[in-house]
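This is work19.cif. It holds mmCIF, C-alpha atoms.
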```
data_target
#
loop_
_atom_site.label_atom_id
_atom_site.label_comp_id
_atom_site.auth_asym_id
_atom_site.auth_seq_id
_atom_site.Cartn_x
_atom_site.Cartn_y
_atom_site.Cartn_z
CA MET A 1245 107.63 82.09 100.80
CA PRO A 1246 110.23 84.05 102.76
CA ARG A 1247 108.86 86.47 105.29
CA PRO A 1248 109.13 90.14 104.27
CA GLN A 1249 111.82 92.17 105.94
CA PRO A 1250 111.37 95.74 107.15
CA ARG A 1251 113.39 98.47 105.52
CA VAL A 1252 116.34 99.86 107.47
CA ASP A 1253 116.74 103.63 107.75
CA ALA A 1254 120.44 104.31 107.32
CA SER A 1255 120.20 108.13 107.44
CA PRO A 1256 122.86 109.92 109.54
CA GLY A 1257 121.94 110.80 113.09
CA PRO A 1258 122.26 114.08 115.03
CA ALA A 1259 125.89 113.44 115.95
CA ALA A 1260 126.90 113.39 112.26
CA SER A 1261 125.04 116.67 111.64
CA LEU A 1262 126.80 118.33 114.57
CA THR A 1263 130.20 117.21 113.27
CA SER A 1264 129.39 118.80 109.91
CA VAL A 1265 128.50 122.13 111.53
CA ILE A 1266 131.74 122.23 113.53
CA ALA A 1267 133.86 121.30 110.52
CA THR A 1268 132.38 123.88 108.13
CA SER A 1269 131.73 126.88 110.37
CA PRO A 1270 133.75 127.04 113.62
CA ARG A 1271 132.52 130.54 114.53
CA THR A 1272 128.87 129.60 114.14
CA ALA A 1273 129.54 126.36 115.95
CA ARG A 1274 130.78 128.25 119.01
CA THR A 1275 127.53 130.17 119.31
CA VAL A 1276 125.22 127.15 118.93
CA ALA A 1277 127.39 124.20 119.89
CA GLY A 1278 126.17 124.14 123.46
CA ARG A 1279 122.56 123.80 122.50
CA LEU A 1280 123.25 121.33 119.72
CA LEU A 1281 125.41 119.18 121.95
CA LEU A 1282 122.67 119.03 124.57
CA ALA A 1283 120.10 118.08 121.95
CA ALA A 1284 122.37 115.45 120.41
CA ALA A 1285 123.15 113.99 123.81
CA ALA A 1286 119.46 113.71 124.60
CA VAL A 1287 118.80 111.88 121.34
CA VAL A 1288 121.67 109.49 121.97
CA LEU A 1289 120.47 108.76 125.50
CA VAL A 1290 116.91 108.08 124.36
CA SER A 1291 118.14 105.86 121.53
CA ALA A 1292 120.36 103.88 123.89
CA TYR A 1293 117.48 103.42 126.31
CA CYS A 1294 114.95 102.29 123.69
CA ALA A 1295 117.09 99.99 121.57
CA PRO A 1296 120.09 97.69 122.01
CA ALA A 1297 123.51 99.11 121.26
CA GLY A 1298 124.17 99.12 117.53
CA ALA A 1299 120.54 98.44 116.62
CA ALA A 1300 119.38 99.93 113.31
CA ARG A 1301 116.31 102.13 113.14
CA VAL A 1302 113.46 100.26 111.43
CA ALA A 1303 111.05 101.94 109.02
CA TYR A 1304 107.71 100.19 108.54
CA PRO A 1305 106.61 100.69 104.92
CA CYS A 1306 102.85 100.72 105.55
CA SER A 1307 102.56 102.67 108.81
CA TYR A 1308 101.13 106.15 108.68
CA GLY A 1309 99.92 108.84 111.03
CA THR A 1310 99.85 108.33 114.77
CA PRO A 1311 98.20 105.25 116.29
CA GLY A 1312 95.28 106.31 118.48
CA ARG A 1313 95.11 109.76 116.87
CA THR A 1314 94.90 109.23 113.14
CA VAL A 1315 91.29 109.06 111.97
CA LEU A 1316 90.76 106.11 109.63
CA HIS A 1317 87.91 105.86 107.15
CA ASP A 1318 85.51 102.99 106.56
CA ASP A 1319 86.58 102.51 102.96
CA PRO A 1320 84.70 100.07 100.68
CA PRO A 1321 86.28 96.62 100.37
CA GLU A 1322 87.82 95.12 97.25
CA GLY A 1323 84.87 92.73 97.14
CA ARG A 1324 82.21 90.93 99.16
CA PRO A 1325 82.65 87.30 98.12
CA TYR A 1326 80.77 84.20 99.14
CA ALA A 1327 82.25 80.72 99.17
CA PRO A 1328 82.41 79.06 95.75
CA GLY A 1329 79.50 76.67 95.28
CA SER A 1330 77.15 78.63 97.51
CA GLU A 1331 75.36 80.26 94.59
CA SER A 1332 72.57 77.66 94.67
CA LEU A 1333 71.71 78.35 98.31
CA ALA A 1334 68.75 80.45 99.33
CA PRO A 1335 69.66 83.86 100.80
CA ALA A 1336 68.97 82.79 104.41
CA PRO A 1337 71.61 80.04 104.58
CA ARG A 1338 73.93 81.67 102.05
CA LYS A 1339 74.66 84.59 104.36
CA TYR A 1340 76.70 82.18 106.51
CA ALA A 1341 78.90 81.37 103.47
CA ALA A 1342 80.49 84.82 103.36
CA MET A 1343 84.24 85.09 102.96
CA THR A 1344 86.43 87.64 104.71
CA THR A 1345 86.88 90.78 102.63
CA ALA A 1346 90.59 91.50 103.17
CA ASN A 1347 92.38 91.17 99.83
CA ALA A 1348 89.11 89.97 98.30
CA ASP A 1349 90.35 90.55 94.75
CA GLY A 1350 93.15 88.03 95.28
CA HIS A 1351 95.92 90.40 94.25
CA ALA A 1352 98.02 91.08 97.34
CA GLY A 1353 99.56 94.52 97.45
CA ARG A 1354 102.55 95.56 99.51
CA CYS A 1355 100.39 96.21 102.57
CA GLU A 1356 98.09 93.21 102.22
CA CYS A 1357 99.05 90.13 104.21
CA VAL A 1358 95.81 88.23 104.88
CA GLN A 1359 94.14 85.90 102.42
CA PRO A 1360 90.33 85.78 102.02
CA ARG A 1361 88.79 82.71 103.64
CA PRO A 1362 85.48 81.56 105.19
CA TRP A 1363 84.93 83.93 108.11
CA ASP A 1364 84.62 81.12 110.67
CA THR A 1365 87.98 79.52 109.78
CA GLY A 1366 89.92 78.84 112.99
CA MET A 1367 87.13 80.28 115.16
CA PRO A 1368 85.88 78.37 118.22
CA ALA A 1369 82.41 76.90 117.62
CA GLU A 1370 80.83 78.98 120.39
CA ALA A 1371 82.13 82.24 118.94
CA ALA A 1372 81.08 81.27 115.40
CA ALA A 1373 77.57 80.41 116.61
CA SER A 1374 77.26 83.86 118.19
CA ILE A 1375 78.10 85.55 114.88
CA ARG A 1376 75.51 83.43 113.09
CA SER A 1377 72.99 84.62 115.69
CA ALA A 1378 74.03 88.20 114.96
CA MET A 1379 73.49 87.58 111.24
CA ASP A 1380 70.03 86.16 112.00
CA ALA A 1381 69.23 89.39 113.86
CA LYS A 1382 70.50 91.46 110.93
CA GLU A 1383 68.35 89.40 108.58
CA ALA A 1384 65.26 90.09 110.73
CA GLU A 1385 65.97 93.83 110.72
CA ALA A 1386 66.51 93.80 106.96
CA SER A 1387 63.26 91.92 106.36
CA SER A 1388 61.38 94.47 108.48
CA ASN A 1389 62.95 97.40 106.64
CA TYR A 1390 62.31 95.95 103.18
CA ALA A 1391 58.71 95.11 104.13
CA ARG A 1392 58.01 98.84 104.48
CA PHE A 1393 58.52 99.05 100.72
CA GLY A 1394 56.39 96.01 99.95
CA ILE A 1395 59.32 93.63 99.44
CA ALA A 1396 58.74 90.07 100.62
CA PRO A 1397 61.27 88.50 103.05
CA ASP A 1398 62.44 85.96 100.46
CA ALA A 1399 63.36 88.85 98.13
CA VAL A 1400 65.69 90.57 100.59
CA PRO A 1401 69.19 90.39 99.04
CA VAL A 1402 71.69 88.16 100.78
CA GLU A 1403 74.17 91.04 101.14
CA ALA A 1404 71.70 92.87 103.41
CA ARG A 1405 71.59 89.83 105.70
CA THR A 1406 75.34 89.36 106.00
CA ILE A 1407 77.75 90.68 108.61
CA TRP A 1408 80.96 91.15 106.68
CA LEU A 1409 84.29 90.61 108.40
CA ASP A 1410 87.47 92.12 107.02
CA THR A 1411 89.57 89.58 108.93
CA ALA A 1412 88.99 87.09 111.73
CA TRP A 1413 91.47 84.30 112.47
CA ARG A 1414 95.00 84.94 111.21
CA SER A 1415 97.94 82.59 110.89
CA ARG A 1416 101.23 83.35 112.61
CA ASP A 1417 102.84 84.05 109.24
CA GLU A 1418 100.10 86.53 108.38
CA GLN A 1419 100.51 88.32 111.71
CA THR A 1420 104.27 88.40 111.18
CA CYS A 1421 103.72 89.97 107.78
CA ILE A 1422 101.33 92.59 109.21
CA TYR A 1423 103.72 93.48 112.02
CA SER A 1424 106.68 93.80 109.65
CA ARG A 1425 104.74 96.20 107.44
CA PHE A 1426 102.89 98.33 110.01
CA GLY A 1427 104.96 98.02 113.18
CA PRO A 1428 104.06 98.45 116.86
CA GLY A 1429 101.10 100.66 117.61
CA TRP A 1430 99.35 99.55 114.44
CA ALA A 1431 99.78 95.79 114.89
CA ALA A 1432 100.36 93.29 117.69
CA ARG A 1433 103.58 91.34 117.81
CA PRO A 1434 103.31 87.84 116.32
CA GLY A 1435 102.30 85.42 119.04
CA THR A 1436 100.41 88.06 121.04
CA SER A 1437 97.52 88.89 118.68
CA ILE A 1438 94.06 87.71 119.76
CA HIS A 1439 93.37 87.18 116.05
CA GLU A 1440 95.69 84.18 116.17
CA THR A 1441 93.34 82.52 118.68
CA GLY A 1442 90.27 82.95 116.48
CA VAL A 1443 88.27 85.03 118.98
CA ALA A 1444 88.89 88.45 117.42
CA VAL A 1445 87.27 89.91 114.31
CA ASP A 1446 87.60 93.15 112.36
CA LEU A 1447 84.32 94.40 110.95
CA GLU A 1448 84.19 95.53 107.34
CA ASP A 1449 81.25 97.90 107.91
CA TRP A 1450 81.94 99.78 111.14
CA GLY A 1451 81.57 103.46 110.23
CA PRO A 1452 78.72 105.97 110.22
CA ALA A 1453 77.53 104.91 106.76
CA THR A 1454 75.92 101.82 108.32
CA PHE A 1455 74.98 103.49 111.62
CA GLY A 1456 77.09 100.98 113.56
CA GLN A 1457 74.55 98.22 112.96
CA ASP A 1458 76.99 95.31 112.72
CA GLY A 1459 78.89 96.37 115.82
CA ARG A 1460 75.65 96.75 117.75
CA LEU A 1461 74.55 93.25 116.75
CA LEU A 1462 77.91 91.72 117.65
CA TYR A 1463 77.83 93.44 121.03
CA ALA A 1464 74.34 92.05 121.67
CA ASN A 1465 75.67 88.55 120.99
CA GLY A 1466 78.64 88.54 123.35
CA TRP A 1467 81.34 90.49 121.52
CA CYS A 1468 83.06 93.57 122.92
CA ARG A 1469 85.45 96.26 121.85
CA THR A 1470 88.91 96.01 123.39
CA VAL A 1471 90.98 98.61 121.51
CA PRO A 1472 89.45 102.10 121.86
CA GLU A 1473 91.21 103.47 118.78
CA GLU A 1474 90.00 100.56 116.60
CA PRO A 1475 86.19 100.80 116.27
CA TRP A 1476 86.19 97.84 113.88
CA HIS A 1477 87.88 95.39 116.30
CA TYR A 1478 85.76 93.05 118.48
CA GLU A 1479 86.63 90.10 120.70
CA TYR A 1480 84.39 87.37 122.11
CA ARG A 1481 83.76 88.18 125.76
CA PRO A 1482 82.76 84.71 127.14
CA ILE A 1483 86.02 83.11 125.99
CA LEU A 1484 88.07 86.08 127.18
CA GLU A 1485 86.43 85.71 130.60
CA ALA A 1486 87.13 81.97 130.63
CA TRP A 1487 90.79 82.83 130.04
CA GLY A 1488 90.73 85.38 132.85
CA ARG A 1489 91.07 88.22 130.34
CA GLY A 1490 87.58 89.70 130.49
CA SER A 1491 89.04 93.01 131.62
CA ARG A 1492 90.10 93.59 128.00
CA CYS A 1493 86.49 94.52 127.23
CA LYS A 1494 85.91 98.27 127.33
#
```

Please re-express this file's structure in structure tokens.
Amino acid sequence: MPRPQPRVDASPGPAASLTSVIATSPRTARTVAGRLLLAAAAVVLVSAYCAPAGAARVAYPCSYGTPGRTVLHDDPPEGRPYAPGSESLAPAPRKYAAMTTANADGHAGRCECVQPRPWDTGMPAEAAASIRSAMDAKEAEASSNYARFGIAPDAVPVEARTIWLDTAWRSRDEQTCIYSRFGPGWAARPGTSIHETGVAVDLEDWGPATFGQDGRLLYANGWCRTVPEEPWHYEYRPILEAWGRGSRCK
């Protein structure tokens, strides 16, 4: 499948607008031309500094707001699937059979690039074991909470035991798709994303509705936040430190 291409913004720049003013109203142009020329020159200089000569301005179709400032919401996922064939498992082992929730309905929209898969796909064994330990801790907390209402541990639903991941490992093609749709600030350039190494995860349930439980449990099992403006994003500290990149942890 060909990789998606970003749209190109072909709208006229400030220089074209200034030409129009001068051509249609010379008298008005004389009174404001100085200021407009200074503004146009500044835009041209900034454009020349930030992009190669002749480069088109790129519009990313899925970007919105301002990275680091726009408040995002912990919206419900399209689904919370488990791996096919896991239905016969008891809740305790079945929690490990969760799939990632991104594009869980299987119908990729314009801004959806990642396919649902077993959450530990492409993840180093050490990192995957730590997430299983975090799920065990969540299971213990759920059993304790349900017991207050007289519900036996075996009756605790599997969903209450599961740490759901929106995405974990991503392929290079998926990261390329994400970058082409969201652009810098919202996505890492292909080849630089920690997701491509399998030691980064994005939590599905990260907001106040769940009191930060999943993030707390990941943190207790070796994961850390590395992007302050992304409260859902965690990376596995021991492997980062082995790579000499432990300073990424905040």

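Of the listed residues A:Ser1491, A:Thr1470, A:Val1400, A:Phe1455, the one whose atoms come nearest to Ser1388 of chain A is A:Val1400, with distances taken using all atoms listed in the file.
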
If you apply the PyMOL selection byres ((chain A and resi 1473-1489) around 10) to this file, what residues do you get, as a ChimeraX atom specification?
/A:1311-1316,1318,1368,1370-1372,1374-1375,1409-1412,1430,1438-1439,1442-1451,1456,1458-1459,1462-1463,1465-1472,1490-1493

Inset, instruction - Using the chain letters and numbers from the file, give me the residues hit by the PyMOL selection byres ((chain A and resi 1345) around 8), as an MDAnalysis selection string. - result: chainID A and resid 1321:1325 1343:1344 1346:1348 1360 1408:1411 1448

I'd like the contact shell of segment 1390-1399 of chain A - 9 Å cut-off, all atoms listed in the file, skipping same-chain residues fewer than 5 positions apart - returned as number ranges by chain. A: 1334-1336, 1384-1385

Counting only C-alpha atoms, the residue among A:Ala1381, A:Cys1421, A:Ala1386, A:Leu1333 that lies closest to Ala1352 of chain A is A:Cys1421

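We find atom CA of Ser1424 of chain A and atom CA of Asp1319 of chain A to be spaced 22.9 Å apart.
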
In Å and to one decimal, atom CA of Met1379 of chain A is distant from atom CA of Gly1350 of chain A by 25.3 Å

Between atom CA of Lys1339 of chain A and atom CA of Leu1461 of chain A lies a distance of 15.1 Å

Closest of A:Met1367, A:Val1402, A:Ala1464, A:Cys1357 to Arg1416 of chain A, counting only C-alpha atoms, is A:Cys1357

- prompt: Could you write out as a VMD selection string the residues that the PyMOL selection byres ((chain A and resi 1305) around 7) matches in the shown file?
  reply: chain A and resid 1303 to 1304 1306 to 1307 1425 to 1426

From the list A:Ala1373, A:Lys1382, A:Tyr1340, A:Val1358, the nearest residue to Ile1422 of chain A using all atoms listed in the file is A:Val1358
